[in-house]
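K.L.:
model.pdb is reproduced in full below (PDB, C-alpha atoms).
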```
ATOM      1  CA  MET A 199       4.750 -14.384 -22.339
ATOM      2  CA  GLN A 200       2.129 -12.296 -24.162
ATOM      3  CA  VAL A 201       4.375  -9.988 -26.198
ATOM      4  CA  GLU A 202       1.406  -8.266 -27.835
ATOM      5  CA  GLU A 203      -0.008  -7.211 -24.461
ATOM      6  CA  ILE A 204       3.365  -5.903 -23.321
ATOM      7  CA  LEU A 205       3.797  -3.899 -26.531
ATOM      8  CA  ALA A 206       0.255  -2.532 -26.321
ATOM      9  CA  LEU A 207       0.743  -1.135 -22.835
ATOM     10  CA  THR A 208       4.235   0.095 -23.706
ATOM     11  CA  VAL A 209       2.790   2.138 -26.576
ATOM     12  CA  ALA A 210      -0.012   3.407 -24.307
ATOM     13  CA  GLY A 211       2.536   4.374 -21.662
ATOM     14  CA  ILE A 212       4.632   6.303 -24.185
ATOM     15  CA  ALA A 213       1.579   8.070 -25.633
ATOM     16  CA  LEU A 214       0.190   9.116 -22.243
ATOM     17  CA  GLY A 215       3.669  10.042 -21.030
ATOM     18  CA  VAL A 216       4.112  12.399 -23.983
ATOM     19  CA  MET A 217       0.658  13.914 -23.446
ATOM     20  CA  GLU A 218       1.169  14.429 -19.719
ATOM     21  CA  GLY A 219       4.686  15.696 -20.347
ATOM     22  CA  ILE A 220       3.568  18.513 -22.622
ATOM     23  CA  ARG A 221       0.353  19.403 -20.781
ATOM     24  CA  PRO A 222       0.920  22.503 -18.618
ATOM     25  CA  GLY A 223       0.720  21.963 -14.893
ATOM     26  CA  PRO A 224       2.631  22.740 -11.696
ATOM     27  CA  LEU A 225       5.651  20.605 -12.578
ATOM     28  CA  LEU A 226       5.996  21.896 -16.147
ATOM     29  CA  THR A 227       5.764  25.457 -14.858
ATOM     30  CA  MET A 228       8.527  24.680 -12.377
ATOM     31  CA  VAL A 229      10.641  23.048 -15.117
ATOM     32  CA  ILE A 230      10.334  26.156 -17.292
ATOM     33  CA  ARG A 231      11.024  28.446 -14.352
ATOM     34  CA  GLU A 232      14.191  26.544 -13.471
ATOM     35  CA  THR A 233      15.272  26.514 -17.123
ATOM     36  CA  LEU A 234      14.851  30.259 -17.582
ATOM     37  CA  THR A 235      16.683  31.053 -14.361
ATOM     38  CA  GLY A 236      19.366  28.359 -14.329
ATOM     39  CA  GLY A 237      19.615  26.982 -17.866
ATOM     40  CA  TRP A 238      18.873  23.501 -19.171
ATOM     41  CA  PRO A 239      20.709  21.583 -16.393
ATOM     42  CA  ALA A 240      18.453  23.166 -13.760
ATOM     43  CA  GLY A 241      15.337  22.448 -15.832
ATOM     44  CA  ALA A 242      16.406  18.861 -16.420
ATOM     45  CA  ARG A 243      16.879  18.284 -12.707
ATOM     46  CA  ALA A 244      13.381  19.573 -12.006
ATOM     47  CA  ALA A 245      11.989  17.433 -14.853
ATOM     48  CA  SER A 246      13.381  14.271 -13.266
ATOM     49  CA  ALA A 247      11.172  14.714 -10.189
ATOM     50  CA  PRO A 248       8.635  12.026 -11.285
ATOM     51  CA  ILE A 249      11.267   9.362 -10.559
ATOM     52  CA  PHE A 250      10.700  10.001  -6.854
ATOM     53  CA  THR A 251       7.144  11.371  -6.786
ATOM     54  CA  ASP A 252       5.472   8.946  -9.203
ATOM     55  CA  GLY A 253       7.699   5.996  -8.305
ATOM     56  CA  PRO A 254       5.881   4.948  -5.099
ATOM     57  CA  LEU A 255       2.489   5.393  -6.779
ATOM     58  CA  ILE A 256       3.653   3.235  -9.684
ATOM     59  CA  VAL A 257       4.672   0.458  -7.303
ATOM     60  CA  VAL A 258       1.301   0.591  -5.515
ATOM     61  CA  SER A 259      -0.577   0.653  -8.816
ATOM     62  CA  VAL A 260       1.361  -2.313 -10.204
ATOM     63  CA  LEU A 261       0.831  -4.335  -7.014
ATOM     64  CA  LEU A 262      -2.896  -3.572  -6.967
ATOM     65  CA  SER A 263      -3.514  -3.963 -10.696
ATOM     66  CA  GLY A 264      -3.908  -7.750 -10.483
ATOM     67  CA  TRP A 265      -6.432  -7.485  -7.638
ATOM     68  CA  VAL A 266      -8.366  -4.680  -9.345
ATOM     69  CA  ALA A 267      -8.593  -6.793 -12.505
ATOM     70  CA  GLU A 268     -10.634  -9.343 -10.513
ATOM     71  CA  GLN A 269     -13.074  -6.713  -9.186
ATOM     72  CA  PRO A 270     -15.307  -5.802 -12.172
ATOM     73  CA  THR A 271     -17.490  -3.373 -10.227
ATOM     74  CA  LEU A 272     -14.491  -1.457  -8.897
ATOM     75  CA  LEU A 273     -12.799  -1.498 -12.298
ATOM     76  CA  PHE A 274     -16.004  -0.210 -13.922
ATOM     77  CA  LEU A 275     -16.215   2.706 -11.474
ATOM     78  CA  ILE A 276     -12.514   3.540 -11.788
ATOM     79  CA  SER A 277     -12.646   3.342 -15.594
ATOM     80  CA  THR A 278     -15.668   5.654 -15.703
ATOM     81  CA  LEU A 279     -14.045   8.183 -13.367
ATOM     82  CA  GLY A 280     -10.795   7.923 -15.310
ATOM     83  CA  ALA A 281     -12.623   8.665 -18.554
ATOM     84  CA  GLY A 282     -14.176  11.727 -16.932
ATOM     85  CA  PHE A 283     -10.818  13.053 -15.810
ATOM     86  CA  LEU A 284      -9.294  12.397 -19.243
ATOM     87  CA  VAL A 285     -12.074  14.435 -20.846
ATOM     88  CA  TRP A 286     -11.395  17.198 -18.311
ATOM     89  CA  PHE A 287      -7.663  17.056 -19.063
ATOM     90  CA  GLY A 288      -8.447  17.159 -22.783
ATOM     91  CA  VAL A 289     -10.669  20.221 -22.454
ATOM     92  CA  ASP A 290      -7.952  21.842 -20.350
ATOM     93  CA  CYS A 291      -5.533  21.496 -23.260
ATOM     94  CA  PHE A 292      -7.739  23.785 -25.360
ATOM     95  CA  ARG A 293      -8.418  26.484 -22.776
ATOM     96  CA  ILE A 294      -5.201  26.948 -20.811
ATOM     97  CA  GLU A 295      -2.557  29.431 -21.871
ATOM     98  CA  PRO A 296       1.043  28.460 -22.707
ATOM     99  CA  PRO A 297       3.445  28.768 -19.756
ATOM    100  CA  ASP A 298       4.532  32.299 -18.935
ATOM    101  CA  LEU A 299       7.983  33.229 -20.161
ATOM    102  CA  GLU A 300       8.139  36.391 -18.067
ATOM    103  CA  LEU A 301       9.440  34.726 -14.916
ATOM    104  CA  GLU A 302      11.527  36.374 -12.246
ATOM    105  CA  GLN A 303      15.111  35.401 -11.680
ATOM    106  CA  ALA A 304      15.605  32.995  -8.789
ATOM    107  CA  ASP A 305      18.263  30.993  -7.012
ATOM    108  CA  VAL A 306      19.141  28.049  -9.269
ATOM    109  CA  THR A 307      20.287  25.741  -6.486
ATOM    110  CA  GLY A 308      17.882  23.047  -5.334
ATOM    111  CA  SER A 309      16.140  22.643  -8.705
ATOM    112  CA  PHE A 310      15.509  18.956  -8.181
ATOM    113  CA  ARG A 311      14.190  19.500  -4.660
ATOM    114  CA  ARG A 312      11.781  22.180  -5.866
ATOM    115  CA  GLY A 313      10.575  19.894  -8.643
ATOM    116  CA  VAL A 314       9.928  17.049  -6.202
ATOM    117  CA  ILE A 315       8.051  19.266  -3.759
ATOM    118  CA  THR A 316       5.968  20.764  -6.567
ATOM    119  CA  ASN A 317       4.966  17.347  -7.883
ATOM    120  CA  LEU A 318       4.268  15.895  -4.431
ATOM    121  CA  PHE A 319       1.565  18.517  -3.948
ATOM    122  CA  ASN A 320       0.205  18.140  -7.485
ATOM    123  CA  PRO A 321      -3.186  16.349  -7.203
ATOM    124  CA  ASN A 322      -3.064  15.381 -10.882
ATOM    125  CA  VAL A 323      -0.308  12.867 -10.088
ATOM    126  CA  TYR A 324      -2.540  10.928  -7.704
ATOM    127  CA  VAL A 325      -5.574  11.206  -9.960
ATOM    128  CA  PHE A 326      -3.585   9.901 -12.896
ATOM    129  CA  TRP A 327      -2.132   6.801 -11.269
ATOM    130  CA  PHE A 328      -5.242   5.691  -9.405
ATOM    131  CA  LEU A 329      -7.878   6.584 -12.016
ATOM    132  CA  ILE A 330      -6.030   6.385 -15.337
ATOM    133  CA  GLY A 331      -2.790   4.435 -15.018
ATOM    134  CA  GLY A 332      -4.348   1.889 -12.648
ATOM    135  CA  PRO A 333      -7.229   0.806 -14.925
ATOM    136  CA  LEU A 334      -4.909   0.492 -17.917
ATOM    137  CA  MET A 335      -2.564  -1.780 -16.002
ATOM    138  CA  ALA A 336      -5.423  -3.745 -14.441
ATOM    139  CA  SER A 337      -6.935  -4.428 -17.858
ATOM    140  CA  LYS A 338      -3.875  -6.485 -18.840
ATOM    141  CA  ALA A 339      -2.518  -7.690 -15.483
ATOM    142  CA  ALA A 340      -4.397 -10.996 -15.481
ATOM    143  CA  VAL A 341      -3.283 -11.825 -19.021
ATOM    144  CA  GLU A 342       0.360 -10.742 -18.793
ATOM    145  CA  PRO A 343       1.860  -9.654 -15.425
ATOM    146  CA  LEU A 344       4.782  -7.914 -17.153
ATOM    147  CA  ALA A 345       2.481  -5.623 -19.146
ATOM    148  CA  PRO A 346       1.754  -3.237 -16.209
ATOM    149  CA  VAL A 347       5.479  -2.982 -15.503
ATOM    150  CA  ALA A 348       6.155  -2.139 -19.168
ATOM    151  CA  TYR A 349       3.441   0.530 -19.056
ATOM    152  CA  ALA A 350       4.739   2.122 -15.860
ATOM    153  CA  LEU A 351       8.351   2.265 -17.048
ATOM    154  CA  SER A 352       7.479   3.557 -20.521
ATOM    155  CA  PHE A 353       5.227   6.257 -19.057
ATOM    156  CA  LEU A 354       7.820   7.389 -16.527
ATOM    157  CA  PHE A 355      10.603   7.432 -19.115
ATOM    158  CA  SER A 356       8.456   9.334 -21.642
ATOM    159  CA  ILE A 357       7.183  12.049 -19.306
ATOM    160  CA  ILE A 358      10.697  12.800 -18.040
ATOM    161  CA  ILE A 359      12.206  12.879 -21.555
ATOM    162  CA  VAL A 360       9.411  15.145 -22.823
ATOM    163  CA  LYS A 361       9.793  17.618 -19.947
ATOM    164  CA  MET A 362      13.573  17.614 -20.370
ATOM    165  CA  THR A 363      13.099  18.271 -24.100
ATOM    166  CA  ILE A 364      10.749  21.166 -23.337
ATOM    167  CA  ALA A 365      13.360  22.526 -20.927
ATOM    168  CA  LEU A 366      16.000  22.305 -23.676
ATOM    169  CA  PHE A 367      13.623  24.008 -26.114
ATOM    170  CA  PHE A 368      12.997  26.906 -23.715
ATOM    171  CA  ASP A 369      16.715  27.152 -22.994
ATOM    172  CA  ARG A 370      17.579  27.395 -26.700
ATOM    173  CA  THR A 371      14.739  29.627 -27.865
ATOM    174  CA  ARG A 372      14.033  31.793 -24.822
ATOM    175  CA  GLU A 373      12.028  34.759 -26.166
ATOM    176  CA  ALA A 374      11.570  33.227 -29.639
ATOM    177  CA  LEU A 375       9.035  30.575 -28.525
ATOM    178  CA  SER A 376       5.799  30.731 -30.535
ATOM    179  CA  PRO A 377       2.639  30.540 -28.371
ATOM    180  CA  ARG A 378       0.719  29.459 -31.470
ATOM    181  CA  ALA A 379       2.948  26.417 -31.974
ATOM    182  CA  TYR A 380       2.624  25.488 -28.303
ATOM    183  CA  ARG A 381      -1.166  25.779 -28.485
ATOM    184  CA  GLY A 382      -1.141  23.537 -31.546
ATOM    185  CA  ALA A 383       0.791  20.866 -29.677
ATOM    186  CA  LEU A 384      -1.607  21.187 -26.754
ATOM    187  CA  GLY A 385      -4.566  20.754 -29.108
ATOM    188  CA  ILE A 386      -3.128  17.506 -30.428
ATOM    189  CA  CYS A 387      -2.665  16.296 -26.861
ATOM    190  CA  GLY A 388      -6.247  17.271 -26.059
ATOM    191  CA  LEU A 389      -7.552  15.139 -28.924
ATOM    192  CA  GLY A 390      -5.369  12.283 -27.714
ATOM    193  CA  MET A 391      -6.878  12.581 -24.231
ATOM    194  CA  PHE A 392     -10.372  12.343 -25.738
ATOM    195  CA  GLY A 393      -9.279   9.203 -27.579
ATOM    196  CA  PHE A 394      -8.081   7.532 -24.384
ATOM    197  CA  ALA A 395     -11.290   8.600 -22.629
ATOM    198  CA  ALA A 396     -13.249   6.783 -25.345
ATOM    199  CA  VAL A 397     -11.154   3.651 -24.743
ATOM    200  CA  PHE A 398     -11.906   3.846 -21.008
ATOM    201  CA  LEU A 399     -15.638   4.229 -21.646
ATOM    202  CA  TYR A 400     -15.576   1.258 -24.005
ATOM    203  CA  GLN A 401     -13.780  -0.772 -21.336
ATOM    204  CA  ALA A 402     -16.406   0.292 -18.756
ATOM    205  CA  TYR A 403     -19.204  -0.665 -21.150
ATOM    206  CA  GLY A 404     -17.711  -4.142 -21.570
ATOM    207  CA  LEU A 405     -17.641  -4.567 -17.784
ATOM    208  CA  LEU A 406     -21.345  -3.756 -17.312
ATOM    209  CA  PRO A 407     -22.645  -7.371 -17.412
ATOM    210  CA  ASP A 408     -20.210  -8.478 -14.689
ATOM    211  CA  ALA A 409     -20.167  -5.292 -12.640
ATOM    212  CA  PHE A 410     -23.877  -5.156 -11.758
TER     213      PHE A 410
END
```
Turn this file's structure into structure tokens for me.
P.N.:
Amino acid sequence: MQVEEILALTVAGIALGVMEGIRPGPLLTMVIRETLTGGWPAGARAASAPIFTDGPLIVVSVLLSGWVAEQPTLLFLISTLGAGFLVWFGVDCFRIEPPDLELEQADVTGSFRRGVITNLFNPNVYVFWFLIGGPLMASKAAVEPLAPVAYALSFLFSIIIVKMTIALFFDRTREALSPRAYRGALGICGLGMFGFAAVFLYQAYGLLPDAF
């Protein structure tokens, strides 16, 4: 067992999970909406949606990661595209506005269902697992088969915990939330996305001799 490889992907999964958890998108907006209308329990239920929406994609990505690792041309293309999307996500972190606090009151029942539906129709979920999560898992699958599993679980756990924490924060602070502080956190996440994009490009560069 290659413990170093498992730890490396576990750390990567936690880091990307935190970044994706805090980055505004359809699911985070829904989490905040549910929190402001139904309190933290409603927000937490919506935040747990990735268990069912990302779960099947994680299974597919893990199963395919070993095969992708043996296809240098495909891995090169996926890594390059993944780097491009990470740069786009990073730029997004600097230009998008913090989630709107002025949300209308709504029925608080069905929070989990609304979170699942929102995330099922979120294209970023599919982009992430097939162009970002997939290459990371494929890069270590041949060396240590448990590493992709560690990455997937750590990412899923992290993104849910982060969104639940944000829901708790909105529930406790309500109108006192500082947009400046939220923008600062987003900026840090944006820089982190650029860092991962650089790793992907370096991985693609190393694949050039075998890919073409």
K.L.:
Between A:Leu344, A:Ile249, A:Ile204, A:Ile256, which residue has the minimum interatomic distance to Ile357 (chain A), considering all atoms listed in the file?
P.N.:
A:Ile249
K.L.:
Given the PyMOL selection byres ((chain A and resi 346-356) around 8) and the file above, list the residues it selects as a PyMOL selection string.
P.N.:
chain A and resi 204-205+207-216+219+248-249+252+256+260+263+331+334-336+338-339+343-345+357-360
K.L.:
For C-alpha atoms, I'd like the residues from the last selection saved as a PDB file, in the frame of the given file.
P.N.:
```
ATOM      1  CA  ILE A 204       3.365  -5.903 -23.321  1.00  0.00           C
ATOM      2  CA  LEU A 205       3.797  -3.899 -26.531  1.00  0.00           C
ATOM      3  CA  LEU A 207       0.743  -1.135 -22.835  1.00  0.00           C
ATOM      4  CA  THR A 208       4.235   0.095 -23.706  1.00  0.00           C
ATOM      5  CA  VAL A 209       2.790   2.138 -26.576  1.00  0.00           C
ATOM      6  CA  ALA A 210      -0.012   3.407 -24.307  1.00  0.00           C
ATOM      7  CA  GLY A 211       2.536   4.374 -21.662  1.00  0.00           C
ATOM      8  CA  ILE A 212       4.632   6.303 -24.185  1.00  0.00           C
ATOM      9  CA  ALA A 213       1.579   8.070 -25.633  1.00  0.00           C
ATOM     10  CA  LEU A 214       0.190   9.116 -22.243  1.00  0.00           C
ATOM     11  CA  GLY A 215       3.669  10.042 -21.030  1.00  0.00           C
ATOM     12  CA  VAL A 216       4.112  12.399 -23.983  1.00  0.00           C
ATOM     13  CA  GLY A 219       4.686  15.696 -20.347  1.00  0.00           C
ATOM     14  CA  PRO A 248       8.635  12.026 -11.285  1.00  0.00           C
ATOM     15  CA  ILE A 249      11.267   9.362 -10.559  1.00  0.00           C
ATOM     16  CA  ASP A 252       5.472   8.946  -9.203  1.00  0.00           C
ATOM     17  CA  ILE A 256       3.653   3.235  -9.684  1.00  0.00           C
ATOM     18  CA  VAL A 260       1.361  -2.313 -10.204  1.00  0.00           C
ATOM     19  CA  SER A 263      -3.514  -3.963 -10.696  1.00  0.00           C
ATOM     20  CA  GLY A 331      -2.790   4.435 -15.018  1.00  0.00           C
ATOM     21  CA  LEU A 334      -4.909   0.492 -17.917  1.00  0.00           C
ATOM     22  CA  MET A 335      -2.564  -1.780 -16.002  1.00  0.00           C
ATOM     23  CA  ALA A 336      -5.423  -3.745 -14.441  1.00  0.00           C
ATOM     24  CA  LYS A 338      -3.875  -6.485 -18.840  1.00  0.00           C
ATOM     25  CA  ALA A 339      -2.518  -7.690 -15.483  1.00  0.00           C
ATOM     26  CA  PRO A 343       1.860  -9.654 -15.425  1.00  0.00           C
ATOM     27  CA  LEU A 344       4.782  -7.914 -17.153  1.00  0.00           C
ATOM     28  CA  ALA A 345       2.481  -5.623 -19.146  1.00  0.00           C
ATOM     29  CA  ILE A 357       7.183  12.049 -19.306  1.00  0.00           C
ATOM     30  CA  ILE A 358      10.697  12.800 -18.040  1.00  0.00           C
ATOM     31  CA  ILE A 359      12.206  12.879 -21.555  1.00  0.00           C
ATOM     32  CA  VAL A 360       9.411  15.145 -22.823  1.00  0.00           C
TER      33      VAL A 360
END
```
K.L.:
Between CA of Pro254 (chain A) and CA of Phe274 (chain A), what is the distance in Å, rounded to a tenth?
P.N.:
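Separation between CA of Pro254 (chain A) and CA of Phe274 (chain A): 24.2 Å.
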K.L.:
With all atoms listed in the file as the atoms that count, which of A:Leu366, A:Val323, A:Val257, A:Ala383 lies nearest to Ile220 (chain A)?
P.N.:
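Closest to Ile220 (chain A) of all the choices is A:Ala383.
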K.L.:
Could you list, as a ChimeraX atom specification, every residue within 10 Å of Gly385 (chain A), counting all atoms listed in the file and ignoring same-chain residues fewer than 5 positions away?
P.N.:
/A:221,288-293,379-380,390-391
K.L.:
Once the PyMOL selection byres ((chain A and resi 234-242) around 7) has been evaluated on this model, what residues remain selected, and can you format them as a ChimeraX atom specification?
P.N.:
/A:229-233,243-246,303-304,306,309,362,365-366,369
K.L.:
Find the distance between CA of Thr227 (chain A) and CA of Phe326 (chain A) and write it in Å to one decimal.
P.N.:
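Taking CA of Thr227 (chain A) and CA of Phe326 (chain A), their separation equals 18.3 Å.
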K.L.:
Rounded to one decimal place, report the CA of Leu318 (chain A)-CA of Val285 (chain A) distance in Å.
P.N.:
23.2 Å
K.L.:
Can you turn the PyMOL selection byres ((chain A and resi 392-396) around 10) into a concrete residue list for this file, as a PyMOL selection string?
P.N.:
chain A and resi 210+213-214+277-289+330+387-391+397-402
K.L.:
With 5 Å on each side, where is the centre of the axis-aligned box around all listed atoms of region 236-249 of chain A, and how long are its edges in Å to one decimal, as lines of an AutoDock Vina configuration file?
P.N.:
```
center_x = 14.7
center_y = 18.9
center_z = -14.7
size_x = 22.1
size_y = 29.0
size_z = 19.0
```
K.L.:
Since the input lacks atoms, please generate N, CA and C atoms for region 245-271 of chain A and provide them as a short mmCIF file (atom, residue, chain, number, x, y, z; two decimals), in the frame of the given file.
P.N.:
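Writing done, so here's out03.cif:
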```cif
data_model
loop_
_atom_site.label_atom_id
_atom_site.label_comp_id
_atom_site.auth_asym_id
_atom_site.auth_seq_id
_atom_site.Cartn_x
_atom_site.Cartn_y
_atom_site.Cartn_z
N ALA A 245 12.80 18.35 -14.03
CA ALA A 245 11.99 17.43 -14.85
C ALA A 245 12.10 15.99 -14.39
N SER A 246 13.18 15.65 -13.71
CA SER A 246 13.38 14.27 -13.27
C SER A 246 12.65 13.96 -11.97
N ALA A 247 11.90 14.91 -11.45
CA ALA A 247 11.17 14.71 -10.19
C ALA A 247 10.23 13.51 -10.19
N PRO A 248 9.55 13.18 -11.31
CA PRO A 248 8.64 12.03 -11.28
C PRO A 248 9.28 10.70 -10.87
N ILE A 249 10.60 10.60 -10.99
CA ILE A 249 11.27 9.36 -10.56
C ILE A 249 10.96 9.10 -9.09
N PHE A 250 10.91 10.16 -8.29
CA PHE A 250 10.70 10.00 -6.85
C PHE A 250 9.26 10.25 -6.43
N THR A 251 8.52 11.09 -7.17
CA THR A 251 7.14 11.37 -6.79
C THR A 251 6.18 10.32 -7.33
N ASP A 252 6.36 9.94 -8.60
CA ASP A 252 5.47 8.95 -9.20
C ASP A 252 5.90 7.52 -8.86
N GLY A 253 7.18 7.34 -8.55
CA GLY A 253 7.70 6.00 -8.30
C GLY A 253 6.89 5.19 -7.30
N PRO A 254 6.67 5.71 -6.08
CA PRO A 254 5.88 4.95 -5.10
C PRO A 254 4.46 4.66 -5.57
N LEU A 255 3.84 5.62 -6.27
CA LEU A 255 2.49 5.39 -6.78
C LEU A 255 2.47 4.32 -7.86
N ILE A 256 3.54 4.27 -8.66
CA ILE A 256 3.65 3.24 -9.68
C ILE A 256 3.72 1.86 -9.03
N VAL A 257 4.54 1.75 -7.99
CA VAL A 257 4.67 0.46 -7.30
C VAL A 257 3.33 0.00 -6.74
N VAL A 258 2.61 0.93 -6.08
CA VAL A 258 1.30 0.59 -5.52
C VAL A 258 0.33 0.19 -6.62
N SER A 259 0.34 0.94 -7.72
CA SER A 259 -0.58 0.65 -8.82
C SER A 259 -0.29 -0.70 -9.44
N VAL A 260 0.99 -1.01 -9.62
CA VAL A 260 1.36 -2.31 -10.20
C VAL A 260 0.94 -3.45 -9.29
N LEU A 261 1.18 -3.29 -7.97
CA LEU A 261 0.83 -4.34 -7.01
C LEU A 261 -0.68 -4.56 -6.94
N LEU A 262 -1.44 -3.47 -7.08
CA LEU A 262 -2.90 -3.57 -6.97
C LEU A 262 -3.58 -3.92 -8.28
N SER A 263 -2.87 -3.79 -9.40
CA SER A 263 -3.51 -3.96 -10.70
C SER A 263 -4.10 -5.36 -10.87
N GLY A 264 -3.39 -6.39 -10.37
CA GLY A 264 -3.91 -7.75 -10.48
C GLY A 264 -5.18 -7.94 -9.68
N TRP A 265 -5.23 -7.37 -8.47
CA TRP A 265 -6.43 -7.48 -7.64
C TRP A 265 -7.60 -6.71 -8.24
N VAL A 266 -7.32 -5.50 -8.74
CA VAL A 266 -8.37 -4.68 -9.35
C VAL A 266 -8.96 -5.38 -10.56
N ALA A 267 -8.12 -6.09 -11.30
CA ALA A 267 -8.59 -6.79 -12.50
C ALA A 267 -9.65 -7.84 -12.18
N GLU A 268 -9.66 -8.33 -10.93
CA GLU A 268 -10.63 -9.34 -10.51
C GLU A 268 -11.85 -8.73 -9.83
N GLN A 269 -11.95 -7.41 -9.80
CA GLN A 269 -13.07 -6.71 -9.19
C GLN A 269 -13.79 -5.89 -10.26
N PRO A 270 -14.69 -6.51 -11.03
CA PRO A 270 -15.31 -5.80 -12.17
C PRO A 270 -16.07 -4.54 -11.78
N THR A 271 -16.74 -4.56 -10.63
CA THR A 271 -17.49 -3.37 -10.23
C THR A 271 -16.55 -2.21 -9.94
#
```
